[in-house]
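Raw contents of data_17.cif, mmCIF, C-alpha atoms and all ligand atoms:
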data_input
loop_
_atom_site.label_atom_id
_atom_site.label_comp_id
_atom_site.auth_asym_id
_atom_site.auth_seq_id
_atom_site.Cartn_x
_atom_site.Cartn_y
_atom_site.Cartn_z
CA MET X 1 -6.96 -24.24 -16.87
CA SER X 2 -4.13 -26.70 -16.53
CA LEU X 3 -0.89 -25.28 -17.83
CA SER X 4 2.63 -26.52 -17.73
CA LEU X 5 6.03 -25.36 -18.80
CA VAL X 6 7.60 -26.08 -22.14
CA TYR X 7 11.35 -26.26 -22.50
CA TYR X 8 14.21 -25.34 -24.79
CA GLY X 9 13.70 -27.13 -28.09
CA ASN X 10 9.98 -26.45 -28.23
CA ALA X 11 9.33 -24.37 -31.37
CA ILE X 12 6.91 -21.99 -29.60
CA LEU X 13 9.87 -20.50 -27.69
CA ARG X 14 11.32 -19.34 -31.01
CA LYS X 15 8.17 -17.70 -32.35
CA LYS X 16 7.30 -14.03 -32.08
CA ALA X 17 4.23 -14.08 -29.84
CA GLU X 18 1.01 -12.50 -31.06
CA ALA X 19 -0.53 -9.34 -29.65
CA VAL X 20 -3.58 -9.79 -27.42
CA LYS X 21 -6.54 -8.23 -29.22
CA ASN X 22 -9.19 -8.47 -26.56
CA ILE X 23 -8.63 -8.52 -22.82
CA ASN X 24 -11.42 -10.78 -21.61
CA GLN X 25 -11.91 -13.08 -18.64
CA ASP X 26 -9.91 -15.83 -20.38
CA ILE X 27 -6.87 -13.55 -20.47
CA VAL X 28 -7.32 -12.58 -16.81
CA ASN X 29 -7.59 -16.28 -15.89
CA LEU X 30 -4.55 -17.07 -18.00
CA ILE X 31 -2.51 -14.45 -16.14
CA ASP X 32 -3.63 -15.90 -12.78
CA SER X 33 -2.52 -19.34 -13.99
CA MET X 34 0.81 -17.95 -15.13
CA TYR X 35 1.51 -16.69 -11.61
CA ILE X 36 0.68 -20.16 -10.26
CA VAL X 37 2.98 -21.96 -12.71
CA MET X 38 5.74 -19.43 -12.03
CA HIS X 39 5.49 -19.74 -8.24
CA LYS X 40 5.43 -23.54 -8.38
CA ALA X 41 8.64 -23.46 -10.39
CA ASN X 42 10.18 -20.83 -8.08
CA GLY X 43 10.53 -18.32 -10.89
CA VAL X 44 10.43 -14.53 -10.69
CA GLY X 45 9.18 -14.00 -14.24
CA LEU X 46 7.24 -15.88 -16.89
CA ALA X 47 6.14 -15.18 -20.46
CA ALA X 48 3.13 -16.89 -22.06
CA PRO X 49 5.17 -18.79 -24.72
CA GLN X 50 6.84 -20.64 -21.82
CA ILE X 51 3.51 -22.32 -21.11
CA ASP X 52 2.88 -23.02 -24.79
CA ILE X 53 0.73 -19.95 -25.47
CA SER X 54 1.98 -17.61 -28.17
CA SER X 55 0.56 -14.37 -26.74
CA ARG X 56 2.27 -11.17 -25.70
CA ILE X 57 1.77 -11.51 -21.95
CA LEU X 58 4.34 -11.53 -19.17
CA VAL X 59 4.24 -11.71 -15.40
CA VAL X 60 6.87 -10.74 -12.86
CA ASN X 61 6.84 -11.19 -9.12
CA LEU X 62 9.69 -9.71 -7.16
CA GLU X 63 7.76 -9.45 -3.89
CA PRO X 64 10.13 -11.98 -2.22
CA TYR X 65 12.89 -9.46 -3.00
CA LYS X 66 10.85 -6.48 -1.82
CA GLY X 67 10.10 -5.62 -5.42
CA ARG X 68 6.85 -5.46 -7.34
CA LYS X 69 4.40 -7.90 -8.79
CA ILE X 70 3.11 -7.05 -12.23
CA GLY X 71 1.33 -8.63 -15.17
CA LEU X 72 1.59 -6.90 -18.54
CA ILE X 73 -0.29 -7.45 -21.76
CA ASN X 74 1.25 -6.31 -25.06
CA PRO X 75 4.28 -4.79 -23.33
CA VAL X 76 6.68 -2.57 -25.27
CA ILE X 77 10.09 -1.35 -24.15
CA ILE X 78 10.09 2.34 -25.01
CA GLY X 79 13.51 3.24 -23.75
CA SER X 80 16.62 1.62 -22.38
CA GLU X 81 19.77 2.98 -20.87
CA GLU X 82 22.89 2.37 -22.90
CA GLU X 83 24.88 1.17 -19.92
CA GLU X 84 24.70 -2.60 -19.60
CA VAL X 85 25.44 -4.53 -16.44
CA PRO X 86 26.18 -8.24 -15.95
CA PHE X 87 24.18 -10.53 -13.70
CA GLU X 88 23.66 -14.27 -13.35
CA GLU X 89 20.42 -15.33 -15.08
CA GLY X 90 18.44 -18.52 -15.31
CA CYS X 91 15.22 -19.44 -17.09
CA LEU X 92 12.35 -21.81 -16.35
CA SER X 93 12.58 -23.01 -19.97
CA LEU X 94 16.24 -23.91 -19.47
CA PRO X 95 16.36 -25.57 -16.05
CA GLY X 96 19.79 -26.02 -14.55
CA ILE X 97 21.54 -23.42 -16.68
CA SER X 98 22.66 -20.09 -15.33
CA LYS X 99 24.97 -17.62 -16.99
CA GLU X 100 26.09 -14.06 -16.58
CA ILE X 101 24.22 -11.87 -19.06
CA TYR X 102 24.65 -8.18 -19.86
CA ARG X 103 21.49 -6.09 -20.01
CA SER X 104 20.50 -2.46 -19.81
CA LYS X 105 20.62 -1.12 -16.30
CA ARG X 106 17.40 0.79 -16.65
CA ILE X 107 14.44 0.61 -19.01
CA SER X 108 11.05 2.21 -19.58
CA ILE X 109 8.24 -0.11 -20.49
CA LYS X 110 4.59 0.35 -21.28
CA GLY X 111 1.78 -2.15 -21.42
CA ILE X 112 -1.73 -2.97 -20.29
CA THR X 113 -2.50 -4.44 -16.88
CA PRO X 114 -5.07 -7.25 -16.42
CA ASP X 115 -7.57 -4.62 -15.25
CA GLU X 116 -7.13 -2.89 -18.62
CA LYS X 117 -5.14 0.11 -17.47
CA GLU X 118 -2.43 1.41 -19.76
CA ILE X 119 0.66 1.93 -17.71
CA GLN X 120 4.19 3.07 -18.21
CA LEU X 121 6.93 2.34 -15.75
CA ASP X 122 10.61 2.99 -15.27
CA ALA X 123 12.44 -0.05 -14.03
CA ASP X 124 15.97 -0.56 -12.82
CA GLU X 125 18.08 -3.32 -11.29
CA MET X 126 16.31 -6.67 -10.90
CA LEU X 127 12.97 -5.50 -12.31
CA ALA X 128 14.65 -4.07 -15.42
CA ARG X 129 16.51 -7.34 -15.91
CA VAL X 130 13.49 -9.62 -15.52
CA LEU X 131 11.35 -7.46 -17.80
CA GLN X 132 14.03 -7.53 -20.51
CA HIS X 133 14.36 -11.30 -20.15
CA GLU X 134 10.57 -11.82 -20.45
CA MET X 135 10.28 -9.34 -23.34
CA ASP X 136 12.90 -11.42 -25.15
CA HIS X 137 10.65 -14.48 -24.75
CA LEU X 138 7.83 -12.63 -26.52
CA ASN X 139 10.21 -12.14 -29.45
CA GLY X 140 11.46 -15.72 -29.59
CA ILE X 141 14.78 -14.92 -27.91
CA LEU X 142 16.31 -16.93 -25.05
CA PHE X 143 18.86 -15.65 -22.56
CA ILE X 144 21.54 -18.00 -23.88
CA ASP X 145 21.29 -16.19 -27.24
CA HIS X 146 23.09 -13.27 -25.59
CA LEU X 147 26.13 -15.43 -24.89
CA GLU X 148 29.29 -15.49 -26.98
CA ASP X 149 29.19 -18.39 -29.45
CA TYR X 150 31.88 -20.40 -27.66
CA LEU X 151 30.00 -20.15 -24.35
CA LYS X 152 26.77 -21.23 -26.00
CA LYS X 153 28.57 -24.17 -27.61
CA GLU X 154 29.77 -25.35 -24.21
CA LEU X 155 26.14 -25.77 -23.21
CA THR X 156 25.36 -28.28 -25.98
CA PRO X 157 25.26 -31.40 -23.75
CA GLU X 158 22.99 -29.67 -21.22
CA LEU X 159 20.73 -28.33 -23.95
CA LYS X 160 20.32 -31.82 -25.37
CA LYS X 161 19.08 -33.06 -22.00
CA ILE X 162 16.68 -30.16 -21.61
CA LYS X 163 15.14 -30.84 -25.04
CA LYS X 164 14.10 -34.26 -23.80
CA LEU X 165 11.97 -32.71 -21.04
CA ASN X 166 9.48 -31.66 -23.75
CA LYS X 167 8.90 -35.30 -24.71
CA GLN X 168 8.38 -36.46 -21.14
CA LYS X 169 5.45 -34.11 -20.83
CA ILE X 170 3.44 -35.61 -23.68
CA ILE X 171 3.06 -38.99 -21.96
ZN ZN K 1 13.11 -17.26 -19.40
#

Kindly transcribe the structure held in the file into structure tokens.
Ligand code: ZN
Amino acid sequence: MSLSLVYYGNAILRKKAEAVKNINQDIVNLIDSMYIVMHKANGVGLAAPQIDISSRILVVNLEPYKGRKIGLINPVIIGSEEEEVPFEEGCLSLPGISKEIYRSKRISIKGITPDEKEIQLDADEMLARVLQHEMDHLNGILFIDHLEDYLKKELTPELKKIKKLNKQKII
């Protein structure tokens, strides 16, 4: 399977992704491919809509930061701590942009792993942040949506340039 990133401006990034109904070999292969695309782009997290597939699947790999590597199908955040903390975020769908974003310090998430195990995990710090960022993607939300309007407006010239990356791909 040859997959590549889509960028800000592509409508799929604004759609609520669909639940996976059947975890078959295609889904397992898709998750393997998502890790490959993510690593090539030096990302720590990726959601399926970012590679033009509107399915509720995310992958995270924090092994370079001594964290965990996890792929989740149909993930749901079942709890989040009220306290929010700021941290600089970027996104493979918005190359070149990074902004400080407030997110819950700690969350609980459940989902299904590629080997069809239902799991629940408590995440904090970096893992909590990446999971919240990827969950947003499954709901059509981008990290810049969390910014104050005036900050988002300042990004207009950069966003225009990023939109053009989608067209380059079609050739
Ligand atoms: Zn992202």

| request: Compute the set of protein, DNA and RNA residues whose minimum atom distance to ligand ZN 1 (chain K) is at most 7 Å, using all atoms listed in the file, and state it as number ranges by chain. | output: X: 46, 90-93, 133-134, 137, 142-143

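For the residues X:Leu5, X:Leu13, X:Ile107, X:Ile51, ranking by smallest atom-to-atom distance to Val130 (chain X) using all atoms listed in the file places X:Ile107 first.
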
| note | Judged by only C-alpha atoms, the minimum distance to Ile12 (chain X) among X:Ile141, X:Leu147, X:Met126, X:Met135 is found for X:Ile141

| request: Extract, using all atoms listed in the file, all DNA, RNA and protein residues at most 8 Å from Leu72 (chain X), discarding same-chain residues fewer than 3 positions from it, and format them as a list in words. | output: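 So the residues in contact are Ile57, Leu58, Val59, Pro75, Gly111, Ile112, Thr113 and Pro114 of chain X.
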
| query | Which residues come within 12 Å of Asn24 (chain X), counting all atoms listed in the file, excluding same-chain residues fewer than 6 positions away, as a PyMOL selection string? | reply | chain X and resi 30-31+73+113-116

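Residues in contact range of Asn10 (chain X), defined as at most 8 Å between all atoms listed in the file, with sequence neighbours fewer than 4 positions away removed, read Val6, Arg14, Lys163 and Asn166 of chain X.
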
| query | Using all atoms listed in the file, which of X:Lys16, X:Glu125, X:Glu118, X:Ala11 sits nearest Tyr65 (chain X)? | reply |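 Of the candidates, the smallest distance to Tyr65 (chain X) is held by X:Glu125.
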
| task | Anything within 9 Å of (3.0, 4.1, -16.1): list those residues as number ranges by chain, counting only C-alpha atoms and sticking to the file's coordinates. | result | X: 108-111, 118-122

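Residue nearest Tyr35 (chain X), chosen from X:Ser55, X:Ser4, X:Asn22, X:Ser98 and counting all atoms listed in the file: X:Ser4.
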
| task | Can you work out which one of X:Val28, X:Leu151, X:Ile97, X:Ala123 has the shortest atom-to-atom distance to Ser80 (chain X), counting only C-alpha atoms? | result |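 Checking each of X:Val28, X:Leu151, X:Ile97, X:Ala123 against Ser80 (chain X), counting only C-alpha atoms, the winner is X:Ala123.
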
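Counting all atoms listed in the file, the residue from X:Gly43, X:Gly71, X:Pro95, X:Gly140 that sits nearest to Lys161 (chain X) is X:Pro95.
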
| message | Just to confirm, what's the straight-line distance from CA of Val60 (chain X) to CA of Val44 (chain X) in Å (one decimal)? | response |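 Going from CA of Val60 (chain X) over to CA of Val44 (chain X) covers 5.6 Å.
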
Box centre and edge lengths (Å, one decimal), axis-aligned, region 75-88 of chain X plus 6 Å each side, as JSON:
{"center_x": 15.2, "center_y": -5.5, "center_z": -19.3, "size_x": 33.9, "size_y": 29.5, "size_z": 23.9}

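Put simply, CA of Val20 (chain X) is 27.4 Å away from CA of Glu81 (chain X).
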
| query | How far is it from CA of Ser54 (chain X) to CA of Ala17 (chain X), in Å with one decimal? | reply | 4.5 Å

| query | Leaving out Tyr102 (chain X) and any residue of its chain fewer than 2 positions from it, which residues lie within 8 Å of it when counting only C-alpha atoms, given as a PyMOL selection string? | reply | chain X and resi 84-87+100+104+146
